[in-house]
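Asker: Sharing a structure, written as structure tokens. Questions coming.
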Amino acid sequence: MSRTADSATARVSFAGGYSLRDVSRLLGLSPGQIRAYVKSGCVGPRRGEQGEHRFSFPDVVLLRTGKELMAALPARKVHRALRRLKDQLPQGRAITGVRITAEGDTIVVRDGASTWLPESGQALLDLDVSQVASQVAPLARRAAAAARSAATELDAEDWYRIGCDLEPCDLDQARDAYERSLELDPEHVDARVNLGRLLHEVGDARAAEAHYRTALGFAPDDATAAFNLGVALEDLGRRAEAVAAYERALATDPDLPDAHFNLARLLEQLGRDREALGHLQVFRRLTQGRLQAY
């Protein structure tokens with residue numbers, strides 16, 4: 001078989017996701033095992049043109065994570081925990097950025113300073129999902145190369161999805177993909193927010209601010225763009241503007257715990273102790289029972 005995919009094949013490989021056969025080969029899971037993850041709700045692949053399952057890169061990472069966890073825990077427990085974890089991750093946080101630990105018969109998730117149990121439940125398995133992501137990254141890189149050979153066949157949403165798939169393994173290529181998306185559609189809010197975040201992570205808070213403000217111009221009620229703008233403004237030393245950005249995020253999504261926490265900290269610094277306490281209390285209420293430590 002030729003190594004050079006035609007444009008139609010390249011487009012399907014990204015816009016539709018990765019095939020069941022590709023995922024089975026890469027992970028060493030049988031098609032039946034993969035379908036079991038789909039049936040249990042752990043992954044929700046899209047459907048291809050022929051009705052077949054097409055998996056995203058985060059789907060592949062989650063499947064690999066499940067395979068590793070099942071070496072220590074029963075399949076039913078793993079399926080239940082991973083299904084619930086998808087709904088418990090903080091807004092905008094991907095599974096590729098967390099650490100999952102099997103401690104006895106309990107699965108524990110750690111995301112920076114946050115620790116929580118995706119399901120109740122107590123050998124020791126310590127699994128850094130970012131390492132798992134790096135192991136499946138060649139799939140994303142091969143698909144990216146195929147996409148560039150068929151660039152005229154891709155639209156802004158395709159390039160956005162490419163960027164999402166590349167983030168865990170190649171930040172430079174991910175930024176390039178988001179930039180290509182915005183060249184095709186300057187109003188693609190998700191691509192603009194993600195590009196701003198990647199620029200912020202490499203220290204360019206001013207460029208990030210510009211992207212977040214542009215995103216909010218197109219989508220004034222986007223809580224993620226407003227929250228990220230607050231973080232960028234904090235790093236730029238503009239605390240009063242950061243407060244306004246966090247308040248804007250909460251006006252759209254009052255249950256955004258990180259916005260309450262950051263706002264409480266800023267208000268305390270500004271001498272507005274009573275307001276700070278109110279937001280801290282909301283933060284504790286929102287995270288009680290999910291976060292074991294913060």
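Ligands are numbered from 1 in the order shown, chains are lettered A, B, ... in the order of the structure tokens, and residues start at 1 in each chain.
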Need the shell around segment 188-198 of chain A: protein/DNA/RNA residues with any atom at most 7 Å away, counting only C-alpha atoms. Skip same-chain ones fewer than 5 positions apart. Format as a list in words?

Answerer: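 My reading of the contact set: Tyr160, Arg175, Tyr178, Ser181, Leu182, Ala207, Ala208, His211, Tyr212, Ala215 and Ala225 of chain A.
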
Asker: Give me a file of those residues, with C-alpha atoms, as a PDB file, in the first residue's frame.

Answerer:
```
ATOM      1  CA  TYR A 160      -8.701  23.007  15.175  1.00  0.00           C
ATOM      2  CA  ARG A 175       0.171  26.245  17.476  1.00  0.00           C
ATOM      3  CA  TYR A 178      -4.544  26.660  15.401  1.00  0.00           C
ATOM      4  CA  SER A 181      -7.593  27.325  11.565  1.00  0.00           C
ATOM      5  CA  LEU A 182      -7.768  31.054  12.266  1.00  0.00           C
ATOM      6  CA  ALA A 207      -0.260  37.918  22.813  1.00  0.00           C
ATOM      7  CA  ALA A 208      -2.519  35.609  24.823  1.00  0.00           C
ATOM      8  CA  HIS A 211      -6.417  36.410  21.447  1.00  0.00           C
ATOM      9  CA  TYR A 212      -8.718  36.134  24.474  1.00  0.00           C
ATOM     10  CA  ALA A 215     -12.452  35.623  21.178  1.00  0.00           C
ATOM     11  CA  ALA A 225     -12.016  32.952  27.272  1.00  0.00           C
TER      12      ALA A 225
END
```

Asker: Figure out the distance between atom CA of Asp185 of chain A and atom CA of Glu157 of chain A, please, to one decimal in Å.

Answerer: 8.7 Å

Asker: Please identify all polymer residues within 7 Å of Arg54 of chain A, counting only C-alpha atoms, omitting same-chain residues fewer than 5 positions from it, and present them as an mmCIF file with N, CA and C atoms, in the first residue's frame.

Answerer:
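Full text of selection-v6.cif as output:
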```cif
data_model
loop_
_atom_site.group_PDB
_atom_site.id
_atom_site.type_symbol
_atom_site.label_atom_id
_atom_site.label_comp_id
_atom_site.auth_asym_id
_atom_site.auth_seq_id
_atom_site.Cartn_x
_atom_site.Cartn_y
_atom_site.Cartn_z
ATOM 1 N N GLY A 16 -12.626 12.894 10.608
ATOM 2 C CA GLY A 16 -13.432 11.821 11.145
ATOM 3 C C GLY A 16 -12.818 11.139 12.339
ATOM 4 N N GLY A 17 -11.532 11.278 12.561
ATOM 5 C CA GLY A 17 -10.856 10.601 13.657
ATOM 6 C C GLY A 17 -10.124 9.364 13.171
ATOM 7 N N TYR A 18 -9.614 8.579 14.111
ATOM 8 C CA TYR A 18 -8.809 7.408 13.800
ATOM 9 C C TYR A 18 -9.678 6.155 13.794
ATOM 10 N N SER A 19 -9.350 5.231 12.901
ATOM 11 C CA SER A 19 -10.191 4.051 12.723
ATOM 12 C C SER A 19 -10.026 3.051 13.862
ATOM 13 N N LEU A 20 -11.010 2.174 14.001
ATOM 14 C CA LEU A 20 -10.959 1.103 14.994
ATOM 15 C C LEU A 20 -9.730 0.229 14.752
ATOM 16 N N PRO A 45 -16.744 7.979 20.400
ATOM 17 C CA PRO A 45 -16.208 8.274 19.067
ATOM 18 C C PRO A 45 -17.284 8.806 18.124
ATOM 19 N N ARG A 46 -16.836 9.592 17.160
ATOM 20 C CA ARG A 46 -17.749 10.064 16.119
ATOM 21 C C ARG A 46 -18.008 8.932 15.133
ATOM 22 N N ARG A 47 -18.937 9.145 14.250
ATOM 23 C CA ARG A 47 -19.239 8.189 13.197
ATOM 24 C C ARG A 47 -18.670 8.679 11.872
ATOM 25 N N GLY A 48 -18.042 7.767 11.132
ATOM 26 C CA GLY A 48 -17.505 8.095 9.824
ATOM 27 C C GLY A 48 -18.589 8.096 8.770
#
```

Asker: Leaving out Leu27 of chain A and any residue of its chain fewer than 6 positions from it, which residues lie within 9 Å of it when counting only C-alpha atoms, given as a list in words?

Answerer: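 My reading of the contact set: Val60, Leu63, Arg64, Lys67 and Val136 of chain A.
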
Asker: Which residues are close to Phe261 of chain A, i.e. within 10 Å by only C-alpha atoms, leaving aside same-chain residues fewer than 2 positions away? Reply as an MDAnalysis selection string.

Answerer: chainID A and resid 246 256:259 263:266 276:277 279:284
